[in-house]
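Undergrad: To start, I am sharing the structure in question, which I have written as structure tokens.
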Amino acid sequence: MLISNELDYIKNFILKSGEQLDLDTPPADTSFFTDVKIVKRTARKYRIVGLITFSEDTNADAPDEELLKLKLTPNKKIQLNDHDPNTTYWFEQGWIMKEIRFKKDGRTPESMHYRMGFKLYQYIQNLQREREQGWELEFNEIKNKFNLMRDSQSQQMPKLREKGINSCTNVMNEIFNQEASQLHESVHFPSQWSINKKMKFLHFMVAFLQICRSKSEFDWKEIGANYYREIGGSKEFDTYKEGFIDQLENLSQCPAAILGLTSLGKITPLYFSGPIKGKYSSYSFGPIHALTDISIYQEEYTTMATTLWLVENRAILTRIASEKGFLQDTNSLMLCIDGHLRSSHKQCINKLLINSAIEVVILWTDYDPDGLQISKELFETVSQANSELHLKWISAEHKVYDTWNSYQEYMHDFLKMKKMEQEEVLGGADIWKKWVRH
């Protein structure tokens, strides 16, 4: 018969409002299964609305892989073939239970499906607890390594590099002042990262900071080799190389090359057209130019423009920059994100907004899921630098939206029907000027 924990499980996840299990009537027992009625009971009425059938077999220690592939949850309902050997086995072992719902007559079946059994629920819960205990142990192990590294003496280093390393160290201090369970919602990692990837990144950060303090220059393979000191250690972080470097630069607000990481063999450009001025360089209205990630971090750029365009694709930048006099007439600066918002792009946008008198920011990205994500990242970057700016988003129909919520709602509706690239709705100078004046 049902034990108290199993009864609570059914009440919490299977019974609907006003329903209860009829535990007064002796259940129907077979050689394998127990039937318990789901009823609605008042002072005057007693109506059978459903039936739960389950097995209390406790022999099997763990569910098989085929069952786990179904990714059952307490609220999930699934259809299975009653005659399939797997269904029969899982049912007999108590991994799944059957729920039948009746029509108003209390006899005619209206629906039938299988649900996660209490036994499988307990197994998943125990497995999760074991994982969390493992994560906590690993988290504390990384924390101890970080504290030992932080308290050790480091070499002298250039100011910009020292600033980047200190920024990373401060973030790590914030992370390790939390509990391991808080990593799930931590703002210091991309939201889509799994807990295992976050743990690996913490290992990487300690490894990176560790080698930074002892060597002025090092290559990618040395980071893992120096940290793990075992065969294969140099390859430990290879799977996540690009993502880890992007996040490192985001946390440090500094290119990895300045922090000492050599042999990456790449320069991250930021294409633009319009007036930008720095200590060592100056650009006027005219052709398309490019800033590098290194120059962005070493310069304090400003602009005389009052309107900043942030566009996703090079084709948009090329077309608008070629429109004679448009950027100059509208006093605009246009930056091209080129399909992916990087830490150096964020840094440049931040500096321009803080150091200049920009009044309006126009955000224009593709009309697809990636474009919406890039638009959100741009919005967050701009808002963090200056929350008083007039922001504008451009729709596929050339309509201007003035708030992120209204544009996001528009895009969610738009994406239900189709997807488009910016180039398909490019328009011309007359339309672009209307957007600036809007």
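Ligands are numbered from 1 in the order shown, chains are lettered A, B, ... in the order of the structure tokens, and residues start at 1 in each chain.
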Can you list, as a PDB file with C-alpha atoms, in the first residue's frame, every protein, DNA or RNA residue that comes within 6 Å of region 405-421 of chain A when you count only C-alpha atoms, leaving out same-chain residues fewer than 2 positions away?
TA:
```pdb
ATOM      1  CA  ASP A 366      18.807  40.403 -38.142  1.00  0.00           C
ATOM      2  CA  TYR A 367      15.227  39.211 -37.720  1.00  0.00           C
ATOM      3  CA  ASP A 368      16.067  35.725 -36.473  1.00  0.00           C
ATOM      4  CA  TYR A 401      10.399  50.742 -31.393  1.00  0.00           C
ATOM      5  CA  THR A 403      11.595  50.157 -25.661  1.00  0.00           C
ATOM      6  CA  GLU A 423      19.895  43.258 -45.975  1.00  0.00           C
ATOM      7  CA  GLU A 424      16.402  42.223 -47.101  1.00  0.00           C
TER       8      GLU A 424
END
```
Undergrad: Residues of region 130-334 of chain A in strand (DSSP E or B) according to DSSP, as a PyMOL selection string?
TA: chain A and resi 218+261+269-273+276-277+282-283+289-292+302+307-311+332-334
Undergrad: Go ahead and compute the interatomic distance for CA of Leu7 (chain A) and CA of Gly50 (chain A), in Å to one decimal.
TA: 15.5 Å
Undergrad: Give the alpha helix (DSSP H) residues of region 118-347 of chain A, as DSSP finds them on the backbone, and put them as an MDAnalysis selection string.
TA: chainID A and resid 118:151 159:176 195:212 220:228 241:252 293:298 314:322 326:329 343:347
Undergrad: What lies within 10 Å of Gly233 (chain A) using only C-alpha atoms, ignoring chain neighbours under 6 positions off, as a list in words?
TA: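 Contacts, in chain order: Lys221, Glu222, Ile223, Gly224, Ala225, Asn226 and Tyr227 of chain A.
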Undergrad: Near Gly278 (chain A), within 7 Å and counting only C-alpha atoms, which residues show up once chain neighbours fewer than 6 positions away are dropped, as an MDAnalysis selection string?
TA: chainID A and resid 299:302
Undergrad: Would you kindly return, as a PyMOL selection string, each protein, DNA or RNA residue with an atom no farther than 12 Å from any atom of Leu261 (chain A), considering only C-alpha atoms and excluding same-chain residues fewer than 2 positions away?
TA: chain A and resi 161+208-209+211-212+215-223+245+248-249+254-259+263-266
Undergrad: Would you export the selected residues with N, CA and C atoms as a PDB file, in the first residue's frame, please?
TA:
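That gives us result_0.pdb:
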```pdb
ATOM      1  N   ARG A 161      48.032  44.921 -17.720  1.00  0.00           N
ATOM      2  CA  ARG A 161      47.912  43.496 -17.428  1.00  0.00           C
ATOM      3  C   ARG A 161      47.539  43.274 -15.961  1.00  0.00           C
ATOM      4  N   PHE A 208      44.757  29.783 -15.225  1.00  0.00           N
ATOM      5  CA  PHE A 208      45.218  30.954 -15.976  1.00  0.00           C
ATOM      6  C   PHE A 208      45.881  31.972 -15.049  1.00  0.00           C
ATOM      7  N   LEU A 209      45.248  32.291 -13.950  1.00  0.00           N
ATOM      8  CA  LEU A 209      45.815  33.266 -13.010  1.00  0.00           C
ATOM      9  C   LEU A 209      47.111  32.752 -12.398  1.00  0.00           C
ATOM     10  N   ILE A 211      49.385  30.775 -13.845  1.00  0.00           N
ATOM     11  CA  ILE A 211      50.505  30.899 -14.775  1.00  0.00           C
ATOM     12  C   ILE A 211      50.820  32.360 -15.077  1.00  0.00           C
ATOM     13  N   CYS A 212      49.792  33.226 -14.999  1.00  0.00           N
ATOM     14  CA  CYS A 212      50.004  34.660 -15.199  1.00  0.00           C
ATOM     15  C   CYS A 212      50.967  35.238 -14.168  1.00  0.00           C
ATOM     16  N   LYS A 215      54.725  33.671 -15.235  1.00  0.00           N
ATOM     17  CA  LYS A 215      55.312  33.830 -16.565  1.00  0.00           C
ATOM     18  C   LYS A 215      54.781  35.087 -17.228  1.00  0.00           C
ATOM     19  N   SER A 216      55.660  35.791 -17.936  1.00  0.00           N
ATOM     20  CA  SER A 216      55.222  36.990 -18.655  1.00  0.00           C
ATOM     21  C   SER A 216      54.498  36.623 -19.940  1.00  0.00           C
ATOM     22  N   GLU A 217      54.860  35.485 -20.554  1.00  0.00           N
ATOM     23  CA  GLU A 217      54.198  35.004 -21.767  1.00  0.00           C
ATOM     24  C   GLU A 217      54.062  33.489 -21.711  1.00  0.00           C
ATOM     25  N   PHE A 218      52.984  32.973 -22.272  1.00  0.00           N
ATOM     26  CA  PHE A 218      52.740  31.534 -22.273  1.00  0.00           C
ATOM     27  C   PHE A 218      51.739  31.234 -23.375  1.00  0.00           C
ATOM     28  N   ASP A 219      51.708  29.982 -23.845  1.00  0.00           N
ATOM     29  CA  ASP A 219      50.736  29.628 -24.878  1.00  0.00           C
ATOM     30  C   ASP A 219      49.583  28.830 -24.252  1.00  0.00           C
ATOM     31  N   TRP A 220      48.594  28.536 -25.060  1.00  0.00           N
ATOM     32  CA  TRP A 220      47.376  27.890 -24.580  1.00  0.00           C
ATOM     33  C   TRP A 220      47.652  26.568 -23.882  1.00  0.00           C
ATOM     34  N   LYS A 221      48.487  25.727 -24.481  1.00  0.00           N
ATOM     35  CA  LYS A 221      48.735  24.385 -23.957  1.00  0.00           C
ATOM     36  C   LYS A 221      49.391  24.417 -22.582  1.00  0.00           C
ATOM     37  N   GLU A 222      50.159  25.473 -22.306  1.00  0.00           N
ATOM     38  CA  GLU A 222      50.851  25.563 -21.025  1.00  0.00           C
ATOM     39  C   GLU A 222      49.880  25.752 -19.855  1.00  0.00           C
ATOM     40  N   ILE A 223      48.715  26.326 -20.107  1.00  0.00           N
ATOM     41  CA  ILE A 223      47.773  26.617 -19.020  1.00  0.00           C
ATOM     42  C   ILE A 223      47.339  25.318 -18.335  1.00  0.00           C
ATOM     43  N   ILE A 245      38.059  31.738 -23.525  1.00  0.00           N
ATOM     44  CA  ILE A 245      38.835  32.952 -23.799  1.00  0.00           C
ATOM     45  C   ILE A 245      37.911  34.163 -23.875  1.00  0.00           C
ATOM     46  N   LEU A 248      36.947  34.973 -20.345  1.00  0.00           N
ATOM     47  CA  LEU A 248      38.119  35.538 -19.662  1.00  0.00           C
ATOM     48  C   LEU A 248      38.273  37.012 -20.011  1.00  0.00           C
ATOM     49  N   GLU A 249      38.163  37.336 -21.294  1.00  0.00           N
ATOM     50  CA  GLU A 249      38.306  38.731 -21.728  1.00  0.00           C
ATOM     51  C   GLU A 249      37.152  39.586 -21.224  1.00  0.00           C
ATOM     52  N   CYS A 254      39.966  42.930 -20.772  1.00  0.00           N
ATOM     53  CA  CYS A 254      41.315  43.049 -21.335  1.00  0.00           C
ATOM     54  C   CYS A 254      41.552  41.898 -22.313  1.00  0.00           C
ATOM     55  N   PRO A 255      42.196  42.143 -23.465  1.00  0.00           N
ATOM     56  CA  PRO A 255      42.498  41.042 -24.396  1.00  0.00           C
ATOM     57  C   PRO A 255      43.419  40.013 -23.759  1.00  0.00           C
ATOM     58  N   ALA A 256      43.208  38.753 -24.105  1.00  0.00           N
ATOM     59  CA  ALA A 256      44.039  37.686 -23.547  1.00  0.00           C
ATOM     60  C   ALA A 256      45.515  37.880 -23.881  1.00  0.00           C
ATOM     61  N   ALA A 257      45.793  38.488 -25.049  1.00  0.00           N
ATOM     62  CA  ALA A 257      47.189  38.714 -25.451  1.00  0.00           C
ATOM     63  C   ALA A 257      47.909  39.653 -24.483  1.00  0.00           C
ATOM     64  N   ILE A 258      47.195  40.666 -23.991  1.00  0.00           N
ATOM     65  CA  ILE A 258      47.802  41.596 -23.041  1.00  0.00           C
ATOM     66  C   ILE A 258      48.044  40.903 -21.702  1.00  0.00           C
ATOM     67  N   LEU A 259      47.223  39.910 -21.385  1.00  0.00           N
ATOM     68  CA  LEU A 259      47.401  39.162 -20.138  1.00  0.00           C
ATOM     69  C   LEU A 259      48.529  38.145 -20.231  1.00  0.00           C
ATOM     70  N   SER A 263      50.241  33.111 -29.126  1.00  0.00           N
ATOM     71  CA  SER A 263      49.977  32.045 -30.105  1.00  0.00           C
ATOM     72  C   SER A 263      48.510  31.832 -30.410  1.00  0.00           C
ATOM     73  N   LEU A 264      47.656  32.822 -30.111  1.00  0.00           N
ATOM     74  CA  LEU A 264      46.260  32.687 -30.518  1.00  0.00           C
ATOM     75  C   LEU A 264      46.099  32.922 -32.006  1.00  0.00           C
ATOM     76  N   GLY A 265      46.985  33.746 -32.551  1.00  0.00           N
ATOM     77  CA  GLY A 265      47.005  33.968 -33.994  1.00  0.00           C
ATOM     78  C   GLY A 265      45.786  34.668 -34.532  1.00  0.00           C
ATOM     79  N   LYS A 266      45.135  35.529 -33.731  1.00  0.00           N
ATOM     80  CA  LYS A 266      43.964  36.231 -34.241  1.00  0.00           C
ATOM     81  C   LYS A 266      43.898  37.644 -33.672  1.00  0.00           C
TER      82      LYS A 266
END
```
Undergrad: Using CA of Ala396 (chain A) and CA of Ser343 (chain A) as the two end points, give the distance in Å to one decimal.
TA: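 Straight-line distance from CA of Ala396 (chain A) to CA of Ser343 (chain A) works out to 27.7 Å.
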Undergrad: For the contact check between region 197-220 of chain A and region 134-145 of chain A, emit one row per residue of region 197-220 of chain A within 10 Å, containing the shortest atom pair and the distance in Å rounded to one decimal, counting only C-alpha atoms, chain then rising number order, as JSON lines.
TA:
```
{"residue": "A:Met199", "atom": "CA", "partner": "A:Phe139", "partner_atom": "CA", "distance": 7.1}
{"residue": "A:Lys200", "atom": "CA", "partner": "A:Ile142", "partner_atom": "CA", "distance": 9.8}
{"residue": "A:Leu202", "atom": "CA", "partner": "A:Ile142", "partner_atom": "CA", "distance": 7.1}
{"residue": "A:His203", "atom": "CA", "partner": "A:Ile142", "partner_atom": "CA", "distance": 6.4}
{"residue": "A:Phe204", "atom": "CA", "partner": "A:Ile142", "partner_atom": "CA", "distance": 9.9}
{"residue": "A:Met205", "atom": "CA", "partner": "A:Ile142", "partner_atom": "CA", "distance": 9.8}
{"residue": "A:Val206", "atom": "CA", "partner": "A:Lys145", "partner_atom": "CA", "distance": 7.3}
{"residue": "A:Ala207", "atom": "CA", "partner": "A:Lys145", "partner_atom": "CA", "distance": 9.2}
{"residue": "A:Gln210", "atom": "CA", "partner": "A:Lys145", "partner_atom": "CA", "distance": 9.4}
```
Undergrad: Let me see the file: selected residues, C-alpha atoms, as a PDB file, in the first residue's frame.
TA:
```pdb
ATOM      1  CA  MET A 199      33.147  24.172 -12.806  1.00  0.00           C
ATOM      2  CA  LYS A 200      35.590  23.590 -15.651  1.00  0.00           C
ATOM      3  CA  LEU A 202      36.673  27.892 -12.541  1.00  0.00           C
ATOM      4  CA  HIS A 203      39.510  25.371 -12.930  1.00  0.00           C
ATOM      5  CA  PHE A 204      40.589  27.250 -16.054  1.00  0.00           C
ATOM      6  CA  MET A 205      40.553  30.644 -14.311  1.00  0.00           C
ATOM      7  CA  VAL A 206      42.684  29.385 -11.425  1.00  0.00           C
ATOM      8  CA  ALA A 207      45.048  27.755 -13.923  1.00  0.00           C
ATOM      9  CA  GLN A 210      48.361  30.835 -11.648  1.00  0.00           C
TER      10      GLN A 210
END
```
Undergrad: Name the closest residue to Ile431 (chain A) among the candidates A:Ile320, A:Ile52, A:Leu389, A:Leu251; distances are taken between atoms, counting only C-alpha atoms.
TA: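 Using only C-alpha atoms, the shortest distance to Ile431 (chain A) belongs to A:Ile320.
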Undergrad: Can you pull out every residue within 12 Å of Leu335 (chain A), counting only C-alpha atoms, but drop anything in the same chain fewer than 4 positions away, and send it as a PDB file with N, CA and C atoms, in the first residue's frame?
TA:
```pdb
ATOM      1  N   PRO A 269      38.630  42.446 -34.988  1.00  0.00           N
ATOM      2  CA  PRO A 269      38.396  43.806 -35.494  1.00  0.00           C
ATOM      3  C   PRO A 269      37.010  44.321 -35.109  1.00  0.00           C
ATOM      4  N   LEU A 270      36.887  45.628 -35.063  1.00  0.00           N
ATOM      5  CA  LEU A 270      35.589  46.278 -34.919  1.00  0.00           C
ATOM      6  C   LEU A 270      35.472  47.279 -36.059  1.00  0.00           C
ATOM      7  N   TYR A 271      34.646  46.954 -37.051  1.00  0.00           N
ATOM      8  CA  TYR A 271      34.502  47.800 -38.236  1.00  0.00           C
ATOM      9  C   TYR A 271      33.563  48.966 -37.923  1.00  0.00           C
ATOM     10  N   PHE A 272      33.876  50.131 -38.482  1.00  0.00           N
ATOM     11  CA  PHE A 272      33.059  51.306 -38.202  1.00  0.00           C
ATOM     12  C   PHE A 272      33.213  52.340 -39.302  1.00  0.00           C
ATOM     13  N   SER A 273      32.308  53.294 -39.300  1.00  0.00           N
ATOM     14  CA  SER A 273      32.425  54.460 -40.163  1.00  0.00           C
ATOM     15  C   SER A 273      31.867  55.653 -39.398  1.00  0.00           C
ATOM     16  N   GLY A 274      32.641  56.731 -39.383  1.00  0.00           N
ATOM     17  CA  GLY A 274      32.240  57.920 -38.639  1.00  0.00           C
ATOM     18  C   GLY A 274      33.395  58.447 -37.804  1.00  0.00           C
ATOM     19  N   PRO A 275      33.155  59.492 -37.037  1.00  0.00           N
ATOM     20  CA  PRO A 275      34.243  60.137 -36.311  1.00  0.00           C
ATOM     21  C   PRO A 275      34.577  59.440 -34.988  1.00  0.00           C
ATOM     22  N   ILE A 276      35.814  59.023 -34.851  1.00  0.00           N
ATOM     23  CA  ILE A 276      36.334  58.468 -33.597  1.00  0.00           C
ATOM     24  C   ILE A 276      37.721  59.056 -33.360  1.00  0.00           C
ATOM     25  N   ILE A 288      35.279  53.203 -44.446  1.00  0.00           N
ATOM     26  CA  ILE A 288      35.159  52.241 -43.345  1.00  0.00           C
ATOM     27  C   ILE A 288      36.544  51.960 -42.779  1.00  0.00           C
ATOM     28  N   HIS A 289      36.654  51.949 -41.466  1.00  0.00           N
ATOM     29  CA  HIS A 289      37.905  51.632 -40.778  1.00  0.00           C
ATOM     30  C   HIS A 289      37.669  50.465 -39.827  1.00  0.00           C
ATOM     31  N   ALA A 290      38.727  50.035 -39.153  1.00  0.00           N
ATOM     32  CA  ALA A 290      38.606  48.970 -38.156  1.00  0.00           C
ATOM     33  C   ALA A 290      39.529  49.263 -36.982  1.00  0.00           C
ATOM     34  N   LEU A 291      38.976  49.087 -35.791  1.00  0.00           N
ATOM     35  CA  LEU A 291      39.777  49.116 -34.577  1.00  0.00           C
ATOM     36  C   LEU A 291      40.093  47.675 -34.194  1.00  0.00           C
ATOM     37  N   THR A 303      33.859  60.304 -29.455  1.00  0.00           N
ATOM     38  CA  THR A 303      33.285  60.663 -30.752  1.00  0.00           C
ATOM     39  C   THR A 303      32.514  61.971 -30.628  1.00  0.00           C
ATOM     40  N   THR A 307      24.565  60.521 -32.644  1.00  0.00           N
ATOM     41  CA  THR A 307      23.785  59.302 -32.889  1.00  0.00           C
ATOM     42  C   THR A 307      24.735  58.130 -33.144  1.00  0.00           C
ATOM     43  N   LEU A 308      24.562  57.064 -32.390  1.00  0.00           N
ATOM     44  CA  LEU A 308      25.377  55.856 -32.542  1.00  0.00           C
ATOM     45  C   LEU A 308      24.511  54.738 -33.099  1.00  0.00           C
ATOM     46  N   TRP A 309      24.926  54.205 -34.257  1.00  0.00           N
ATOM     47  CA  TRP A 309      24.251  53.054 -34.858  1.00  0.00           C
ATOM     48  C   TRP A 309      25.038  51.794 -34.489  1.00  0.00           C
ATOM     49  N   LEU A 310      24.338  50.767 -34.017  1.00  0.00           N
ATOM     50  CA  LEU A 310      24.950  49.471 -33.753  1.00  0.00           C
ATOM     51  C   LEU A 310      24.251  48.452 -34.643  1.00  0.00           C
ATOM     52  N   VAL A 311      24.955  47.988 -35.689  1.00  0.00           N
ATOM     53  CA  VAL A 311      24.346  47.079 -36.668  1.00  0.00           C
ATOM     54  C   VAL A 311      25.054  45.742 -36.635  1.00  0.00           C
ATOM     55  N   GLU A 312      24.347  44.707 -37.051  1.00  0.00           N
ATOM     56  CA  GLU A 312      24.895  43.351 -36.958  1.00  0.00           C
ATOM     57  C   GLU A 312      25.812  43.003 -38.123  1.00  0.00           C
ATOM     58  N   ASN A 313      25.476  43.443 -39.350  1.00  0.00           N
ATOM     59  CA  ASN A 313      26.151  42.924 -40.539  1.00  0.00           C
ATOM     60  C   ASN A 313      27.004  43.954 -41.278  1.00  0.00           C
ATOM     61  N   ARG A 314      28.092  43.474 -41.878  1.00  0.00           N
ATOM     62  CA  ARG A 314      28.994  44.346 -42.629  1.00  0.00           C
ATOM     63  C   ARG A 314      28.287  44.989 -43.831  1.00  0.00           C
ATOM     64  N   ALA A 315      27.366  44.236 -44.442  1.00  0.00           N
ATOM     65  CA  ALA A 315      26.697  44.760 -45.643  1.00  0.00           C
ATOM     66  C   ALA A 315      25.936  46.043 -45.328  1.00  0.00           C
ATOM     67  N   ILE A 316      25.360  46.126 -44.142  1.00  0.00           N
ATOM     68  CA  ILE A 316      24.637  47.334 -43.740  1.00  0.00           C
ATOM     69  C   ILE A 316      25.616  48.491 -43.582  1.00  0.00           C
ATOM     70  N   LEU A 317      26.725  48.226 -42.893  1.00  0.00           N
ATOM     71  CA  LEU A 317      27.751  49.258 -42.701  1.00  0.00           C
ATOM     72  C   LEU A 317      28.270  49.750 -44.046  1.00  0.00           C
ATOM     73  N   THR A 318      28.574  48.815 -44.948  1.00  0.00           N
ATOM     74  CA  THR A 318      29.125  49.172 -46.257  1.00  0.00           C
ATOM     75  C   THR A 318      28.143  50.033 -47.058  1.00  0.00           C
ATOM     76  N   ILE A 320      25.437  51.891 -45.989  1.00  0.00           N
ATOM     77  CA  ILE A 320      25.124  53.194 -45.404  1.00  0.00           C
ATOM     78  C   ILE A 320      26.340  54.117 -45.435  1.00  0.00           C
ATOM     79  N   ALA A 321      27.530  53.540 -45.214  1.00  0.00           N
ATOM     80  CA  ALA A 321      28.746  54.359 -45.259  1.00  0.00           C
ATOM     81  C   ALA A 321      28.995  54.904 -46.665  1.00  0.00           C
ATOM     82  N   LEU A 327      26.056  59.920 -43.045  1.00  0.00           N
ATOM     83  CA  LEU A 327      26.538  59.877 -41.668  1.00  0.00           C
ATOM     84  C   LEU A 327      26.906  61.274 -41.164  1.00  0.00           C
ATOM     85  N   GLY A 339      28.106  40.049 -36.508  1.00  0.00           N
ATOM     86  CA  GLY A 339      27.518  38.753 -36.210  1.00  0.00           C
ATOM     87  C   GLY A 339      27.719  38.212 -34.815  1.00  0.00           C
ATOM     88  N   LEU A 341      28.763  39.622 -30.660  1.00  0.00           N
ATOM     89  CA  LEU A 341      29.211  40.668 -29.745  1.00  0.00           C
ATOM     90  C   LEU A 341      30.319  40.134 -28.851  1.00  0.00           C
ATOM     91  N   HIS A 345      34.156  44.597 -28.289  1.00  0.00           N
ATOM     92  CA  HIS A 345      33.065  45.421 -28.793  1.00  0.00           C
ATOM     93  C   HIS A 345      32.361  46.122 -27.625  1.00  0.00           C
ATOM     94  N   LYS A 346      32.071  45.352 -26.579  1.00  0.00           N
ATOM     95  CA  LYS A 346      31.415  45.917 -25.400  1.00  0.00           C
ATOM     96  C   LYS A 346      32.258  47.029 -24.789  1.00  0.00           C
ATOM     97  N   CYS A 348      34.494  48.951 -26.254  1.00  0.00           N
ATOM     98  CA  CYS A 348      34.510  50.146 -27.102  1.00  0.00           C
ATOM     99  C   CYS A 348      33.197  50.922 -26.973  1.00  0.00           C
ATOM    100  N   ILE A 349      32.067  50.206 -27.019  1.00  0.00           N
ATOM    101  CA  ILE A 349      30.764  50.859 -26.866  1.00  0.00           C
ATOM    102  C   ILE A 349      30.695  51.573 -25.525  1.00  0.00           C
ATOM    103  N   LEU A 352      32.869  54.793 -25.558  1.00  0.00           N
ATOM    104  CA  LEU A 352      32.271  55.852 -26.381  1.00  0.00           C
ATOM    105  C   LEU A 352      31.079  56.502 -25.669  1.00  0.00           C
ATOM    106  N   VAL A 361      20.840  55.993 -29.622  1.00  0.00           N
ATOM    107  CA  VAL A 361      21.471  54.748 -30.081  1.00  0.00           C
ATOM    108  C   VAL A 361      20.433  53.961 -30.868  1.00  0.00           C
ATOM    109  N   ILE A 362      20.785  53.630 -32.118  1.00  0.00           N
ATOM    110  CA  ILE A 362      19.908  52.838 -32.978  1.00  0.00           C
ATOM    111  C   ILE A 362      20.466  51.418 -33.067  1.00  0.00           C
ATOM    112  N   LEU A 363      19.671  50.439 -32.648  1.00  0.00           N
ATOM    113  CA  LEU A 363      20.092  49.038 -32.656  1.00  0.00           C
ATOM    114  C   LEU A 363      19.369  48.325 -33.791  1.00  0.00           C
ATOM    115  N   TRP A 364      20.151  47.740 -34.711  1.00  0.00           N
ATOM    116  CA  TRP A 364      19.568  47.133 -35.905  1.00  0.00           C
ATOM    117  C   TRP A 364      20.243  45.793 -36.160  1.00  0.00           C
ATOM    118  N   THR A 365      19.501  44.708 -35.956  1.00  0.00           N
ATOM    119  CA  THR A 365      20.055  43.365 -36.108  1.00  0.00           C
ATOM    120  C   THR A 365      19.139  42.524 -36.999  1.00  0.00           C
ATOM    121  N   LEU A 378      23.302  43.865 -26.896  1.00  0.00           N
ATOM    122  CA  LEU A 378      23.612  45.267 -27.170  1.00  0.00           C
ATOM    123  C   LEU A 378      22.838  46.183 -26.221  1.00  0.00           C
TER     124      LEU A 378
END
```
